[in-house]
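Novice: Structure file data.csv, CSV, C-alpha atoms, is pasted below:
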chain,number,residue,atom,x,y,z
I,295,MET,CA,25.5,-39.5,-18.2
I,296,SER,CA,26.0,-36.4,-16.0
I,297,HIS,CA,23.0,-34.4,-15.2
I,298,LEU,CA,22.5,-30.6,-15.3
I,299,THR,CA,23.7,-28.6,-12.3
I,300,MET,CA,21.5,-26.6,-10.1
I,301,ALA,CA,22.9,-23.4,-11.5
I,302,GLN,CA,22.0,-24.5,-15.1
I,303,LEU,CA,18.5,-25.6,-14.0
I,304,LEU,CA,17.9,-22.3,-12.1
I,305,GLU,CA,19.0,-20.3,-15.1
I,306,TYR,CA,16.6,-22.2,-17.2
I,307,VAL,CA,13.8,-21.6,-14.7
I,308,ASP,CA,14.6,-17.9,-14.9
I,309,GLY,CA,14.2,-17.9,-18.7
I,310,VAL,CA,17.8,-18.1,-19.7
I,311,ARG,CA,18.0,-20.4,-22.7
I,312,ASN,CA,21.1,-22.4,-23.6
I,313,ASP,CA,21.4,-24.9,-26.5
I,314,ILE,CA,23.4,-27.4,-24.4
I,315,VAL,CA,20.9,-27.3,-21.6
I,316,SER,CA,17.9,-27.5,-24.0
I,317,ALA,CA,19.5,-30.5,-25.8
I,318,HIS,CA,20.2,-32.2,-22.5
I,319,LEU,CA,16.6,-31.7,-21.2
I,320,SER,CA,15.1,-33.1,-24.4
I,321,GLY,CA,16.9,-36.4,-23.7
I,322,CYS,CA,16.9,-36.6,-19.9
I,323,ALA,CA,13.7,-37.4,-18.1
I,324,GLU,CA,15.3,-37.0,-14.7
I,325,CYS,CA,16.5,-33.5,-15.3
I,326,ARG,CA,13.1,-32.6,-16.9
I,327,ALA,CA,11.4,-33.8,-13.8
I,328,GLN,CA,13.8,-31.8,-11.7
I,329,LEU,CA,13.2,-28.7,-13.8
I,330,GLN,CA,9.4,-29.1,-13.5
I,331,SER,CA,9.7,-29.4,-9.7
I,332,LEU,CA,11.8,-26.3,-9.5
I,333,ILE,CA,9.4,-24.3,-11.6
I,334,ALA,CA,6.5,-25.5,-9.4
I,335,MET,CA,8.4,-24.7,-6.3
I,336,ASP,CA,9.2,-21.2,-7.5
I,337,GLN,CA,5.6,-20.5,-8.4
I,338,ARG,CA,4.4,-21.7,-5.0
I,339,ILE,CA,7.0,-19.5,-3.2
I,340,ARG,CA,6.0,-16.5,-5.2
I,341,ALA,CA,2.4,-17.1,-4.3
I,342,ILE,CA,3.1,-16.8,-0.6
I,343,PRO,CA,1.1,-13.8,0.7
I,344,PRO,CA,3.0,-10.8,2.0
I,345,ASP,CA,3.2,-9.7,5.6
I,346,HIS,CA,1.0,-6.9,6.8
I,347,PRO,CA,1.7,-4.1,9.2
I,348,THR,CA,-0.9,-3.2,11.8
I,349,ASP,CA,-4.2,-1.6,10.7
I,350,LEU,CA,-3.1,1.8,12.0
I,351,PHE,CA,0.1,1.9,10.0
I,352,GLY,CA,-1.2,4.0,7.1
I,353,PRO,CA,-2.8,6.7,9.4
I,354,GLN,CA,0.3,6.7,11.6
I,355,VAL,CA,2.6,7.4,8.6
I,356,MET,CA,0.3,10.2,7.4
I,357,SER,CA,0.1,11.6,10.9
I,358,ARG,CA,3.9,11.6,11.1
I,359,LEU,CA,4.1,13.5,7.9
I,360,GLY,CA,1.4,16.0,9.1
I,361,VAL,CA,-0.7,15.3,6.0
I,362,ARG,CA,-4.4,15.3,6.4
I,363,GLU,CA,-6.5,13.2,4.2
I,364,SER,CA,-7.7,16.4,2.5
I,365,SER,CA,-6.5,19.9,3.0
I,366,SER,CA,-9.8,21.4,2.1
I,367,LEU,CA,-12.5,22.3,4.7
I,368,VAL,CA,-15.0,22.5,1.9
I,369,TRP,CA,-14.3,18.9,1.0
I,370,THR,CA,-14.5,17.9,4.6
I,371,VAL,CA,-17.9,19.6,5.0
I,372,VAL,CA,-19.2,18.2,1.8
I,373,ARG,CA,-18.0,14.7,2.7
I,374,ASN,CA,-19.6,14.9,6.2
I,375,LEU,CA,-22.8,16.2,4.9
I,376,ALA,CA,-22.9,13.7,2.0
I,377,PRO,CA,-25.5,11.3,3.6
I,378,LEU,CA,-27.8,14.2,4.4
I,379,ILE,CA,-27.4,15.7,0.8
I,380,ALA,CA,-28.0,12.3,-0.7
I,381,LEU,CA,-31.1,11.7,1.5
I,382,SER,CA,-32.4,15.1,0.6
I,383,ALA,CA,-31.8,14.5,-3.1
I,384,VAL,CA,-33.6,11.1,-3.0
I,385,THR,CA,-36.5,12.6,-1.1
I,386,GLY,CA,-36.7,15.4,-3.5
I,387,ILE,CA,-36.7,13.1,-6.5
I,388,VAL,CA,-39.4,10.9,-5.0
I,389,PHE,CA,-41.5,13.9,-4.2
I,390,VAL,CA,-41.1,15.4,-7.7
I,391,VAL,CA,-41.9,12.0,-9.3
I,392,LEU,CA,-45.0,11.6,-7.1
I,393,ASN,CA,-46.1,15.1,-7.8
I,394,VAL,CA,-45.7,14.8,-11.5
I,395,ALA,CA,-47.6,11.6,-11.5
I,396,GLY,CA,-50.4,13.4,-9.8
I,397,VAL,CA,-50.4,11.3,-6.7
I,398,PHE,CA,-50.8,14.2,-4.4
I,399,GLY,CA,-53.7,15.6,-6.3
I,400,SER,CA,-55.5,12.3,-6.6
I,401,SER,CA,-58.3,11.4,-4.2
I,402,ASN,CA,-57.8,7.7,-4.8
I,403,ILE,CA,-54.7,7.4,-2.8
I,404,GLY,CA,-56.5,8.2,0.4
I,405,ASP,CA,-55.9,10.1,3.5
I,406,SER,CA,-52.4,9.0,4.1
I,407,VAL,CA,-51.1,10.8,1.0
I,408,SER,CA,-53.0,14.0,1.9
I,409,ALA,CA,-51.5,13.8,5.4
I,410,THR,CA,-48.1,13.5,3.9
I,411,GLY,CA,-48.8,16.5,1.7
I,412,LYS,CA,-49.8,18.5,4.8
I,413,ILE,CA,-46.6,17.5,6.7
I,414,ALA,CA,-44.5,18.6,3.7
I,415,GLY,CA,-46.4,21.9,3.6
I,416,SER,CA,-45.8,22.5,7.2
I,417,VAL,CA,-42.1,21.7,6.9
I,418,SER,CA,-41.9,24.1,4.0
I,419,GLN,CA,-43.6,26.8,6.0
I,420,ALA,CA,-41.2,26.2,8.9
I,421,ILE,CA,-38.2,26.6,6.6
I,422,ASP,CA,-39.6,29.8,5.0
I,423,GLY,CA,-40.2,31.1,8.5
I,424,GLY,CA,-36.6,30.4,9.6
I,425,LEU,CA,-35.2,32.0,6.4
I,426,SER,CA,-37.3,35.1,6.9
I,427,ILE,CA,-36.1,35.4,10.5
I,428,PHE,CA,-32.5,34.9,9.3
I,429,ARG,CA,-33.0,37.5,6.6
I,430,SER,CA,-34.4,40.1,9.0
I,431,TRP,CA,-31.5,39.6,11.3
I,432,THR,CA,-28.9,40.0,8.6
I,433,GLN,CA,-30.7,43.0,7.2
I,434,LYS,CA,-30.5,44.6,10.7
I,435,LEU,CA,-26.9,43.6,11.3
I,436,LEU,CA,-25.4,43.9,7.7
I,437,PRO,CA,-27.7,46.3,5.9
I,438,SER,CA,-24.9,47.4,3.5
I,439,VAL,CA,-24.2,43.9,2.4
I,440,ILE,CA,-27.7,42.5,2.3
I,441,VAL,CA,-30.1,44.4,0.2
I,442,GLY,CA,-32.9,42.1,0.7
I,443,SER,CA,-32.8,39.7,-2.3
I,444,SER,CA,-32.2,36.0,-1.9
I,445,SER,CA,-29.4,35.9,-4.5
I,446,THR,CA,-27.2,38.4,-2.6
I,447,MET,CA,-27.8,36.5,0.5
I,448,VAL,CA,-26.6,33.3,-1.2
I,449,PHE,CA,-23.5,35.1,-2.5
I,450,PHE,CA,-22.9,36.5,1.0
I,451,LEU,CA,-23.1,33.0,2.5
I,452,LEU,CA,-20.8,31.6,-0.2
I,453,ALA,CA,-18.3,34.4,0.5
I,454,VAL,CA,-18.4,33.6,4.3
I,455,PHE,CA,-17.9,29.9,3.5
I,456,GLY,CA,-15.0,30.7,1.2
I,457,GLY,CA,-13.4,32.9,3.7
I,458,VAL,CA,-13.6,30.1,6.4
I,459,ALA,CA,-12.2,27.7,3.9
I,460,LEU,CA,-9.2,30.0,3.1
I,461,LEU,CA,-8.6,30.6,6.8
I,462,ASP,CA,-8.6,26.8,7.3
I,463,LYS,CA,-6.2,26.2,4.5
I,464,PHE,CA,-3.7,28.9,5.2
I,465,ILE,CA,-3.9,29.5,8.9
I,466,PHE,CA,-5.7,26.7,10.9
I,467,ASN,CA,-4.3,23.8,8.9
I,468,PRO,CA,-0.6,24.9,9.2
I,469,LEU,CA,-1.1,25.6,12.9
I,470,TRP,CA,-2.8,22.2,13.3
I,471,ARG,CA,0.1,20.6,11.4
I,472,ARG,CA,2.7,22.3,13.5
I,473,ARG,CA,1.0,21.5,16.7
I,474,PHE,CA,-0.1,17.8,16.2
I,475,GLY,CA,2.1,16.7,13.3
I,476,GLN,CA,5.3,17.2,15.3
I,477,SER,CA,4.0,15.8,18.5
I,478,SER,CA,2.8,12.6,16.8
I,479,ALA,CA,6.2,12.3,15.2
I,480,ILE,CA,7.9,12.6,18.6
I,481,GLN,CA,5.6,10.0,20.1
I,482,GLN,CA,6.8,7.5,17.5
N,19,MET,CA,-9.0,3.4,-13.0
N,20,ALA,CA,-6.2,3.4,-10.4
N,21,LEU,CA,-3.5,6.0,-10.8
N,22,SER,CA,0.1,4.8,-11.6
N,23,ASP,CA,2.9,5.4,-9.1
N,24,ASP,CA,4.3,8.1,-11.4
N,25,GLN,CA,0.9,9.9,-11.6
N,26,ILE,CA,0.5,9.8,-7.9
N,27,VAL,CA,4.0,11.2,-7.4
N,28,GLU,CA,3.2,14.0,-9.9
N,29,LYS,CA,0.0,14.8,-7.9
N,30,ILE,CA,1.9,15.0,-4.6
N,31,ARG,CA,4.5,17.3,-6.2
N,32,GLY,CA,1.7,19.4,-7.4
N,33,GLY,CA,0.5,19.9,-3.8
N,34,ALA,CA,-2.0,17.1,-3.3
N,35,LYS,CA,0.1,15.6,-0.6
N,36,HIS,CA,-2.7,13.5,0.8
N,37,HIS,CA,-2.3,11.3,-2.3
N,38,TYR,CA,0.7,9.8,-0.6
N,39,ARG,CA,-1.6,7.5,1.3
N,40,TYR,CA,-2.2,5.6,-2.0
N,41,LEU,CA,1.5,4.9,-2.2
N,42,VAL,CA,1.5,3.9,1.5
N,43,GLU,CA,-1.4,1.6,0.9
N,44,ARG,CA,0.2,0.1,-2.2
N,45,TYR,CA,3.6,-0.6,-0.8
N,46,LYS,CA,3.1,-1.2,2.9
N,47,ASP,CA,2.6,-4.9,2.7
N,48,ARG,CA,5.6,-5.6,0.4
N,49,GLY,CA,7.7,-3.2,2.3
N,50,MET,CA,6.7,-4.9,5.5
N,51,THR,CA,7.7,-8.3,4.1
N,52,LEU,CA,11.2,-7.0,3.2
N,53,ALA,CA,11.7,-5.2,6.5
N,54,LEU,CA,10.5,-8.2,8.5
N,55,ARG,CA,12.7,-10.6,6.6
N,56,ILE,CA,15.8,-8.4,7.3
N,57,LEU,CA,15.0,-7.3,10.9
N,58,ARG,CA,13.1,-10.4,12.1
N,59,ASN,CA,11.2,-8.4,14.6
N,60,ARG,CA,7.7,-7.2,13.8
N,61,GLU,CA,7.8,-4.0,15.9
N,62,GLU,CA,11.2,-3.0,14.5
N,63,ALA,CA,10.2,-3.8,11.0
N,64,GLU,CA,7.2,-1.6,11.3
N,65,GLU,CA,9.2,1.3,12.7
N,66,ALA,CA,11.8,0.9,9.9
N,67,LEU,CA,9.1,0.9,7.3
N,68,GLN,CA,7.5,4.0,8.8
N,69,ASP,CA,10.9,5.7,8.7
N,70,ALA,CA,11.3,4.6,5.1
N,71,PHE,CA,7.9,6.1,4.1
N,72,VAL,CA,8.7,9.3,5.8
N,73,ARG,CA,12.1,9.5,4.1
N,74,ALA,CA,10.6,8.7,0.8
N,75,PHE,CA,8.0,11.4,1.2
N,76,ARG,CA,10.5,14.0,2.2
N,77,GLY,CA,12.9,12.9,-0.6
N,78,LEU,CA,10.3,12.7,-3.4
N,79,ASP,CA,12.0,15.5,-5.2
N,80,ALA,CA,15.1,13.3,-5.5
N,81,PHE,CA,13.0,10.6,-7.3
N,82,LYS,CA,13.8,11.4,-11.0
N,83,GLY,CA,11.7,8.6,-12.4
N,84,GLU,CA,14.8,6.8,-13.8
N,85,SER,CA,13.7,3.6,-12.1
N,86,ARG,CA,10.2,2.5,-10.9
N,87,PHE,CA,9.0,4.1,-7.8
N,88,GLY,CA,8.9,0.7,-6.1
N,89,THR,CA,12.6,0.1,-6.8
N,90,TRP,CA,13.5,3.5,-5.4
N,91,PHE,CA,11.3,2.9,-2.4
N,92,TYR,CA,12.6,-0.6,-1.6
N,93,ARG,CA,16.1,0.8,-1.7
N,94,ILE,CA,15.0,3.2,1.1
N,95,VAL,CA,13.4,0.4,3.1
N,96,TYR,CA,16.5,-1.7,2.6
N,97,ASN,CA,18.8,1.1,3.8
N,98,ALA,CA,16.5,1.9,6.7
N,99,CYS,CA,16.7,-1.7,7.8
N,100,LEU,CA,20.5,-1.9,7.5
N,101,SER,CA,20.8,1.3,9.5
N,102,ARG,CA,18.8,-0.2,12.3
N,103,LEU,CA,20.8,-3.4,12.2
N,104,GLU,CA,24.1,-1.4,12.4
N,105,LYS,CA,22.8,0.6,15.3
N,106,LYS,CA,21.7,-2.5,17.2
N,107,ASN,CA,24.8,-4.4,16.5
N,108,PRO,CA,27.6,-2.7,14.5
N,109,ALA,CA,29.3,-6.1,13.8
N,110,ILE,CA,26.2,-7.8,12.4
N,111,THR,CA,26.5,-6.4,8.8
N,112,HIS,CA,30.1,-7.4,8.7
N,113,VAL,CA,29.5,-11.0,9.5
N,114,GLU,CA,30.6,-13.0,6.5
N,115,TRP,CA,28.6,-16.1,5.8
N,116,ASP,CA,30.6,-19.2,5.1
N,117,GLU,CA,30.1,-19.1,1.3
N,118,ASN,CA,31.0,-22.8,1.0
N,119,ARG,CA,28.8,-24.0,3.7
N,120,GLU,CA,25.8,-26.1,2.7
N,121,PHE,CA,26.1,-25.4,-1.0
N,122,GLU,CA,26.9,-28.9,-2.2
N,123,ILE,CA,23.4,-29.0,-3.7
N,124,GLU,CA,24.0,-30.3,-7.1
N,125,GLU,CA,21.9,-33.3,-6.2
N,126,MET,CA,18.5,-32.3,-5.1
N,127,GLY,CA,17.1,-35.8,-4.6
N,128,ASN,CA,13.6,-36.8,-5.6
N,129,SER,CA,11.6,-35.1,-2.8
N,130,ILE,CA,10.8,-31.8,-4.5
N,131,PRO,CA,7.4,-33.0,-5.8
N,132,LEU,CA,6.4,-33.4,-2.1
N,133,LEU,CA,6.1,-29.6,-2.1
N,134,ALA,CA,2.9,-29.9,-4.1
N,135,GLU,CA,1.3,-31.6,-1.1
N,136,ILE,CA,2.1,-29.0,1.4
N,137,GLU,CA,-0.6,-26.5,2.4
N,138,MET,CA,0.2,-22.9,1.4
N,139,ARG,CA,0.0,-21.7,5.0
N,140,ASP,CA,2.5,-24.3,6.1
N,141,LEU,CA,4.8,-23.6,3.1
N,142,ALA,CA,4.7,-19.9,3.9
N,143,GLY,CA,5.7,-20.6,7.5
N,144,ILE,CA,8.5,-22.9,6.5
N,145,VAL,CA,9.9,-20.6,3.8
N,146,LYS,CA,9.8,-17.6,6.2
N,147,LYS,CA,11.5,-19.5,8.9
N,148,ILE,CA,14.3,-20.6,6.5
N,149,ILE,CA,14.8,-17.1,5.2
N,150,ASP,CA,14.9,-15.7,8.7
N,151,SER,CA,17.7,-18.1,9.5
N,152,MET,CA,19.9,-16.8,6.7
N,153,PRO,CA,22.2,-13.8,6.8
N,154,GLU,CA,20.3,-10.5,6.0
N,155,LYS,CA,21.8,-10.0,2.6
N,156,TYR,CA,20.5,-13.4,1.5
N,157,ALA,CA,17.2,-12.8,3.2
N,158,ALA,CA,16.9,-9.5,1.4
N,159,ILE,CA,17.8,-10.8,-2.0
N,160,LEU,CA,15.4,-13.7,-1.7
N,161,THR,CA,12.6,-11.4,-0.6
N,162,LEU,CA,13.2,-9.0,-3.4
N,163,PHE,CA,13.3,-11.8,-5.9
N,164,TYR,CA,10.4,-13.8,-4.8
N,165,PHE,CA,8.0,-11.5,-3.0
N,166,GLN,CA,8.6,-8.2,-4.8
N,167,GLU,CA,9.2,-10.0,-8.1
N,168,LEU,CA,12.0,-7.7,-9.1
N,169,SER,CA,14.6,-8.3,-11.8
N,170,HIS,CA,18.3,-8.8,-11.2
N,171,ASP,CA,18.9,-5.2,-12.4
N,172,GLU,CA,16.4,-3.8,-9.9
N,173,ILE,CA,17.9,-5.8,-7.1
N,174,CYS,CA,21.3,-4.4,-8.0
N,175,GLN,CA,20.0,-0.9,-7.7
N,176,ILE,CA,18.3,-1.6,-4.4
N,177,MET,CA,21.2,-3.4,-2.8
N,178,ASN,CA,23.9,-1.3,-4.5
N,179,LEU,CA,25.7,-4.4,-5.7
N,180,PRO,CA,27.2,-5.4,-9.1
N,181,LEU,CA,25.1,-7.7,-11.3
N,182,GLY,CA,27.5,-10.6,-10.9
N,183,THR,CA,27.4,-10.4,-7.2
N,184,VAL,CA,23.6,-10.3,-7.1
N,185,LYS,CA,23.4,-13.3,-9.4
N,186,THR,CA,25.9,-15.3,-7.3
N,187,HIS,CA,24.1,-14.4,-4.0
N,188,LEU,CA,20.7,-15.1,-5.5
N,189,PHE,CA,21.8,-18.5,-6.8
N,190,ARG,CA,23.3,-19.5,-3.5
N,191,ALA,CA,20.3,-18.2,-1.5
N,192,ARG,CA,17.8,-20.1,-3.7
N,193,ALA,CA,19.9,-23.2,-3.6
N,194,MET,CA,20.1,-23.0,0.1
N,195,LEU,CA,16.3,-22.4,0.4
N,196,TYR,CA,15.5,-25.4,-1.8
N,197,LYS,CA,17.9,-27.6,0.1
N,198,ARG,CA,16.5,-26.6,3.5
N,199,LEU,CA,12.9,-26.9,2.2
N,200,GLN,CA,13.7,-30.3,1.0
N,201,ASN,CA,15.2,-31.3,4.3
N,202,ASP,CA,12.5,-29.7,6.4
N,203,ILE,CA,9.7,-31.3,4.4
N,204,MET,CA,11.3,-34.7,4.5
N,205,ALA,CA,11.9,-34.4,8.2
N,206,GLY,CA,8.2,-33.3,8.7
N,207,VAL,CA,9.2,-30.0,10.4
N,208,SER,CA,6.2,-28.3,12.0
N,209,VAL,CA,6.1,-24.6,11.9
Could you quickly redo this structure as structure tokens?
Specialist:
Amino acid sequence: MSHLTMAQLLEYVDGVRNDIVSAHLSGCAECRAQLQSLIAMDQRIRAIPPDHPTDLFGPQVMSRLGVRESSSLVWTVVRNLAPLIALSAVTGIVFVVLNVAGVFGSSNIGDSVSATGKIAGSVSQAIDGGLSIFRSWTQKLLPSVIVGSSSTMVFFLLAVFGGVALLDKFIFNPLWRRRFGQSSAIQQ
Amino acid sequence: MALSDDQIVEKIRGGAKHHYRYLVERYKDRGMTLALRILRNREEAEEALQDAFVRAFRGLDAFKGESRFGTWFYRIVYNACLSRLEKKNPAITHVEWDENREFEIEEMGNSIPLLAEIEMRDLAGIVKKIIDSMPEKYAAILTLFYFQELSHDEICQIMNLPLGTVKTHLFRARAMLYKRLQNDIMAGVSV
């Protein structure tokens, strides 16, 4: 009895069904074993892990393209300040929870809590002092913009921040790309 | 949930160019595997792959979504590698392999089950070594079939070959791979 050819077996492995091949396989243990071996071998070859380029490959490609991870200065600032923002948020939440629970007002907690309250109070005073100095400077330098209220100052700061972000996006970023994007492409 | 390739391409076209790094991350390893099997030199393969990513980024507008992004990208990688081969040695892509050589493989013997006993790391080394010894068209076709898990039709698109040719080349390359694997394992070849 002639056995199946390699071509027939490989087609079967790839899912191509043929009545003649199927009939032969049902009656030939040797070809069935051969088929199982081929299937197992295919599976093992497919499971071979891929090769990897160097770790710097991705950043190098992005550098050649002159594409920064994010084109927004706002996002960069927020991302860099994220740990500080998170720490402040956690501290604030803890402080509020303790305050609501009446820990700061309780005499049972002891001197350490009252000392913490004093430190918090002095930090708060320091911030208030800094803000009032900043406000007095801006009132002197930009009297037409700052009329003295906190809300207009916040708007003013936001406008400055937005202006810097726009400058970054449309002027600094293209200049940076032209300067460093091309030079890194040449190096490679 | 991870974005699909098409969604990332849409975002890049919409101006969020930094999203391209997700495609780089997704395709760098498989692209490297293809480039390395064709060029057989890690440094050159990495350079060719970088060129391919740059070309793909600049030509994203030409990607119409008629095929998968991966298929389109592998075609660019394949062509980048062939260009490098041609520059290095203009004759190399015209070398015809002896189609009849070593293809008397109707009888595979009984040693295939031995494969189950080989460590994956050793098997990977042996398979890569065998593929590296084949002409680049067979190396490419095997890599696309086994490591990128592409269909015959997708391989046709990447290599710009008719379906019949791809099937013939693939059969020959696989048969060759099996036969050499069998021989190497029986001979106890160390990688």
Novice: So what do you get for atom CA of I:Ser430 versus atom CA of I:Phe449, distance-wise?
Specialist: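 Going from atom CA of I:Ser430 over to atom CA of I:Phe449, I get 16.6 Å.
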Novice: Find the nearest atom pair between each residue of chain N and chain I for residues within 7 Å, count only C-alpha atoms, give distances in Å to one decimal, sort rows by chain and ascending number, and present the table as CSV.
Specialist:
residue,atom,partner,partner_atom,distance
N:Lys35,CA,I:Val361,CA,6.7
N:His36,CA,I:Glu363,CA,5.1
N:Arg39,CA,I:Gly352,CA,6.8
N:Val42,CA,I:Gly352,CA,6.2
N:Glu43,CA,I:Gly352,CA,6.7
N:Asp47,CA,I:His346,CA,4.8
N:Arg48,CA,I:Pro344,CA,6.0
N:Met50,CA,I:Asp345,CA,5.9
N:Thr51,CA,I:Asp345,CA,4.9
N:Glu64,CA,I:Pro347,CA,6.4
N:Gln68,CA,I:Val355,CA,6.0
N:Val72,CA,I:Leu359,CA,6.6
N:Glu124,CA,I:Met300,CA,5.4
N:Ile130,CA,I:Ser331,CA,5.8
N:Pro131,CA,I:Ser331,CA,5.8
N:Leu133,CA,I:Met335,CA,6.9
N:Ala142,CA,I:Ile342,CA,5.7
N:Tyr164,CA,I:Arg340,CA,5.2
N:Phe165,CA,I:Arg340,CA,5.8
N:Phe189,CA,I:Ala301,CA,6.9
Novice: Give me the residues near stretch 98-109 of chain N as number ranges by chain, where near means some atom within 12 Å (using only C-alpha atoms) and where sequence neighbours in that chain fewer than 5 positions away do not count.
Specialist: N: 49-59, 62-74, 91-93, 114, 153-155, 158, 176-177
Novice: Would you mind reading off the distance between atom CA of N:Leu181 and atom CA of N:Tyr156, one decimal, in Å?
Specialist: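 Calculated distance between atom CA of N:Leu181 and atom CA of N:Tyr156 is 14.7 Å.
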Novice: If I take atom CA of N:Met152 and atom CA of I:Asp349, how far is one from the other in Å, to one decimal?
Specialist: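 One can read the atom CA of N:Met152 to atom CA of I:Asp349 distance as 28.8 Å.
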Novice: Under the rule that all atoms listed in the file are counted, which of N:Leu188, N:Leu141, N:Glu167, N:Ala157 is the nearest residue to N:Gln200?
Specialist: N:Leu141
Novice: Which residues, written as a PyMOL selection string, have at least one atom at most 9 Å from N:Tyr40, with only C-alpha atoms counted and residues fewer than 3 positions away on the same chain left out?
Specialist: chain N and resi 21+23+26+36-37+43-45
